[in-house]
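Peer 1: Would you mind keeping the following structure in view while I ask a few things?
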Amino acid sequence: MLRNLQVYSTLTQPFRDPWGFLKERSRNPELWINLVVIGGAVLFLLSKGTGFAITVGTVFAIWAILAVSLNLVVGFTGLMSVAHIGFFGVGAYSMAILTSDPLYEQLRSETIPTFALPFFAALPVSMVMAGLVAVAMGSILNRFRDDIFVLVSFGFAIISFNVFLNWRELTRGAFGIHAIARPAIGGWEADGKLEFLLVALVFLGIVMLITWFIVSSSFGRVLTAIREDEQAIQVYGYRAAHYKMAVWVLSAMLAGLAGGLFASWTSFIDPNSFILLESILMVAIVILGGLATIWGSLLGALVFVLLEEGMRFVPFIPTEHIGQGRQIVLGILLVLLMLFRPQGLVGRYKL
Amino acid sequence: MTGSETEMYGPFALETTELSKHFDAVKAVDRLTISIPKAGMTSIVGPNGSGKSTLVNLLSGMLPIDGGMVIIDSVGLKVVKAYDTPSHGLTRTFQEVRLFEQISVWDNLMVVLTTRKWFSALMERDKPSYKEKTVEILKSVGLWEKRLDLALNLSYGQRKLLEIGRALAMDVQILLFDEPFAGLFPQMLEQVKSILKDMKAQGRTIIFISHNMDIVRELSDRIFVLDSGELLAEGDVEEVLSSAAVIEAYLGV
């Protein structure tokens, strides 16, 4: 009752006392961070035109799904994993193999199995495959904690890249897989860029809802307790290993979904998209945006994608150095953030 | 020794038989056999390094047992899993208070009330009964005003109270307190004492470790004195504390 009253009074405050509300809110740095990031993004995209905005939006949606799913593991449960790129890759390759056009494949000397499934049939398989790989990985990772956990997950990231590169009967190695299907329902196909953006944003929304469902449940609260003191929460009757495994697999399935979307969007994938560095960038995005908050992961992904796509407009950097340039900027940003705002942009948990 | 488990192990809340734990060459608990009766307050005392905390860690499954057996509420266990202890009706607090630092006081209590199985927990939102229980405990330990603060912002005494509140919320019959009175100023000391007395009045079994002999004399019905991982004395408080062996172990005379 008391809590409800409190919620009610916070909700009505802007109407009863608008000036006081603004004054109070303006002292909160999170409001300014949100304004600067979102305002900056909108202005920047407006100045560059619709086509660019659509591309940036799609890349953002895919990174945001990844960041939100990784935040479940890193931010809420406190498991610092750099193996997430493996699940993204498994999702992408599942989508590629299941939907790749057989006609295109016949032109190649080295053939791989093709199924020519539609996008929406392949996407659940992408998620399930990522989940199955996560069960295998998780049963080993569950034995480790803290530093050793990071090291072992590092090992898994390297292994998964090498599997993508060398299992040529399935992935065609460095040559990659072409002609991956676009999302299509009935007669409608998301072949245009705008249509794909819409599909990606819908999936981002679904992933945010699923994540919110997870973290707002009793399960989610136990995850945060595991993050804070895994041994202590066991004394209260929770089997931490089961919880960690469950969130690990759920998170991997969402990453697999992002992988499927990514493969469909680029319509061509090769192992270079699934190197360890991408996994570290993913962790960087999650920490940048803020741990243990869904909104933070969105902000983190937005900042990262704007940096990535925006660097090419910086006049004095030669094109071939753009890639390194954005890594340097991201690196500097992370160092500054850890110095002055260790919880990230809008984080709920400090490392 | 025939019949059901209950008959086998008698009417004790907690027993150990030949319980052993060693760290390399050091025998922290050495073939210890004790029986703690149901209800009432039992204290475990002994000099530093006598194995009190190790004993509590063995009983609560925080450390693996090297030898012997633990019998909790008439159920004999050679391996104690920490996550099973609440279902045997046992919970504990820690000498170094272990809170879930970066979540709120409210959530620190709510988290021990919710469903244990992960899938049911995933489908479960906060039930009114959990909230009522949390409000009740927050008020009884005097932390209602602090409910929205992160646990890491609490003072030392408030941290102790929150941990005791968490044990209270568990609604189990056997409670192990590892030095609940250490480092508290008098007013809070009285508060913790009265919480323990209330629990005793409810018929629960309270077992606590303390170095404060005045409190031990005041509260406990029964006392166990450990020294070098072995049982030195047990029984009535005054009798034990005035015995020569105990005085020697404590004062080294």
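Chain lettering (A, B, ...) mirrors the order of the structure tokens, residue numbering begins at 1 for each chain separately, and ligand numbering begins at 1 in order of display.
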Kindly determine which residues of chain A lie within 12 Å of chain B, considering only C-alpha atoms, and give the answer as a PyMOL selection string.
Peer 2: chain A and resi 1-3+6+75-76+78+210-247+250+291-292+343+347-351
Peer 1: Please produce a file of the residues just selected, as an mmCIF file, in the first residue's frame, where the atoms kept are C-alpha atoms.
Peer 2:
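Saved to out.cif:
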data_model
loop_
_atom_site.group_PDB
_atom_site.id
_atom_site.type_symbol
_atom_site.label_atom_id
_atom_site.label_comp_id
_atom_site.auth_asym_id
_atom_site.auth_seq_id
_atom_site.Cartn_x
_atom_site.Cartn_y
_atom_site.Cartn_z
ATOM 1 C CA MET A 1 0.000 0.000 0.000
ATOM 2 C CA LEU A 2 2.720 2.385 1.039
ATOM 3 C CA ARG A 3 4.795 1.450 -1.985
ATOM 4 C CA GLN A 6 4.858 6.254 -3.451
ATOM 5 C CA GLY A 75 25.555 -7.418 -16.131
ATOM 6 C CA PHE A 76 22.808 -9.282 -14.327
ATOM 7 C CA GLY A 78 28.133 -11.234 -13.265
ATOM 8 C CA ILE A 210 11.873 -11.241 -23.270
ATOM 9 C CA THR A 211 14.828 -9.811 -21.356
ATOM 10 C CA TRP A 212 12.559 -7.607 -19.299
ATOM 11 C CA PHE A 213 10.396 -10.640 -18.527
ATOM 12 C CA ILE A 214 13.488 -12.505 -17.323
ATOM 13 C CA VAL A 215 15.025 -9.766 -15.187
ATOM 14 C CA SER A 216 11.793 -8.619 -13.572
ATOM 15 C CA SER A 217 10.929 -12.114 -12.361
ATOM 16 C CA SER A 218 12.037 -13.820 -9.157
ATOM 17 C CA PHE A 219 14.575 -15.589 -11.370
ATOM 18 C CA GLY A 220 16.100 -12.227 -12.303
ATOM 19 C CA ARG A 221 16.501 -11.224 -8.687
ATOM 20 C CA VAL A 222 18.297 -14.469 -7.907
ATOM 21 C CA LEU A 223 20.639 -13.747 -10.838
ATOM 22 C CA THR A 224 21.699 -10.461 -9.241
ATOM 23 C CA ALA A 225 22.239 -12.262 -5.937
ATOM 24 C CA ILE A 226 24.435 -14.823 -7.708
ATOM 25 C CA ARG A 227 26.429 -11.925 -9.139
ATOM 26 C CA GLU A 228 26.909 -10.450 -5.678
ATOM 27 C CA ASP A 229 27.702 -13.608 -3.705
ATOM 28 C CA GLU A 230 27.255 -16.976 -5.320
ATOM 29 C CA GLN A 231 28.136 -18.993 -2.211
ATOM 30 C CA ALA A 232 25.812 -17.042 0.053
ATOM 31 C CA ILE A 233 22.750 -17.422 -2.183
ATOM 32 C CA GLN A 234 23.253 -21.212 -2.153
ATOM 33 C CA VAL A 235 22.912 -21.237 1.628
ATOM 34 C CA TYR A 236 19.407 -19.852 1.084
ATOM 35 C CA GLY A 237 18.468 -22.877 -0.988
ATOM 36 C CA TYR A 238 19.099 -21.808 -4.578
ATOM 37 C CA ARG A 239 21.140 -24.018 -6.896
ATOM 38 C CA ALA A 240 23.298 -21.356 -8.494
ATOM 39 C CA ALA A 241 24.583 -23.761 -11.146
ATOM 40 C CA HIS A 242 21.048 -24.302 -12.500
ATOM 41 C CA TYR A 243 20.321 -20.575 -12.619
ATOM 42 C CA LYS A 244 23.612 -19.790 -14.323
ATOM 43 C CA MET A 245 23.062 -22.511 -16.902
ATOM 44 C CA ALA A 246 19.508 -21.341 -17.598
ATOM 45 C CA VAL A 247 20.445 -17.708 -18.150
ATOM 46 C CA LEU A 250 18.611 -18.133 -22.816
ATOM 47 C CA LEU A 291 25.705 -3.185 -16.646
ATOM 48 C CA ALA A 292 22.428 -4.686 -15.469
ATOM 49 C CA GLN A 343 28.878 2.202 -13.829
ATOM 50 C CA GLY A 347 24.487 1.331 -15.359
ATOM 51 C CA ARG A 348 22.978 -0.267 -12.271
ATOM 52 C CA TYR A 349 26.068 -2.214 -11.270
ATOM 53 C CA LYS A 350 29.725 -1.242 -10.843
ATOM 54 C CA LEU A 351 32.486 -3.654 -11.718
#
Peer 1: Considering only alpha helix (DSSP H) as DSSP defines it on the backbone, what residues of region 13-246 of chain B qualify? List them as a ChimeraX atom specification.
Peer 2: /B:52-59,105-110,118-123,128-140,156-169,186-201,213-219,237-241,244-246
Peer 1: Tell me, as number ranges by chain, which residues lie within 9 Å of region 161-163 of chain B, counting only C-alpha atoms; anything in the same chain fewer than 5 positions away does not count.
Peer 2: B: 93-94, 97-99, 105, 108-109, 138, 141-143, 151, 156, 168, 180, 188, 191-192
Peer 1: Report, in Å to a single decimal, how far apart CA of Val286 (chain A) and CA of Pro29 (chain A) are.
Peer 2: 18.7 Å
Peer 1: Where in region 31-250 of chain B does DSSP assign strand (DSSP E), given as a count of residues only?
Peer 2: 47
Peer 1: Show me, as a PyMOL selection string, the residues that have an atom within 12 Å of Val163 (chain A) when counting only C-alpha atoms, minus same-chain residues fewer than 4 positions from it.
Peer 2: chain A and resi 86+89-90+93+156-159+167-174+270-271+274-275
Peer 1: What's around Gly131 (chain A) at 7 Å? Count only C-alpha atoms, leave out sequence neighbours fewer than 5 positions away in its own chain, and write the answer as an MDAnalysis selection string.
Peer 2: chainID A and resid 249 252:253
Peer 1: Got time to write the residues from that selection, all heavy atoms, as a PDB file, in the first residue's frame?
Peer 2:
ATOM      1  N   VAL A 249      22.006 -20.209 -21.377  1.00  0.00           N
ATOM      2  CA  VAL A 249      21.384 -20.754 -22.587  1.00  0.00           C
ATOM      3  C   VAL A 249      20.369 -19.765 -23.179  1.00  0.00           C
ATOM      4  O   VAL A 249      20.341 -19.545 -24.392  1.00  0.00           O
ATOM      5  CB  VAL A 249      20.718 -22.113 -22.280  1.00  0.00           C
ATOM      6  CG1 VAL A 249      19.918 -22.609 -23.462  1.00  0.00           C
ATOM      7  CG2 VAL A 249      21.768 -23.140 -21.904  1.00  0.00           C
ATOM      8  N   ALA A 252      22.301 -17.121 -24.916  1.00  0.00           N
ATOM      9  CA  ALA A 252      22.893 -17.635 -26.148  1.00  0.00           C
ATOM     10  C   ALA A 252      21.848 -17.725 -27.256  1.00  0.00           C
ATOM     11  O   ALA A 252      22.125 -17.438 -28.423  1.00  0.00           O
ATOM     12  CB  ALA A 252      23.511 -19.009 -25.895  1.00  0.00           C
ATOM     13  N   MET A 253      20.618 -18.103 -26.886  1.00  0.00           N
ATOM     14  CA  MET A 253      19.572 -18.215 -27.903  1.00  0.00           C
ATOM     15  C   MET A 253      19.256 -16.854 -28.498  1.00  0.00           C
ATOM     16  O   MET A 253      19.035 -16.725 -29.712  1.00  0.00           O
ATOM     17  CB  MET A 253      18.323 -18.850 -27.302  1.00  0.00           C
ATOM     18  CG  MET A 253      18.520 -20.323 -26.996  1.00  0.00           C
ATOM     19  SD  MET A 253      17.123 -21.056 -26.147  1.00  0.00           S
ATOM     20  CE  MET A 253      15.991 -21.274 -27.504  1.00  0.00           C
TER      21      MET A 253
END
Peer 1: Tell me, in Å to one decimal, how far CA of Leu35 (chain A) is from CA of Leu72 (chain A).
Peer 2: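 Value for the CA of Leu35 (chain A)-CA of Leu72 (chain A) distance: 25.0 Å.
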Peer 1: Kindly give the distance, in Å, that separates CA of Val128 (chain A) and CA of Val207 (chain A), rounded to a single decimal.
Peer 2: 15.2 Å
Peer 1: Give me the residues near Val29 (chain B) as a VMD selection string, where near means some atom within 12 Å (using only C-alpha atoms) and where sequence neighbours in that chain fewer than 4 positions away do not count.
Peer 2: chain B and resid 16 to 23 25 33 to 34 49 to 59 63 65 to 68 226 to 231
Peer 1: Using only C-alpha atoms, determine which residues lie at most 8 Å from Glu179 (chain B), disregarding the query and same-chain residues fewer than 5 positions distant; provide the list as a count of residues only.
Peer 2: 6
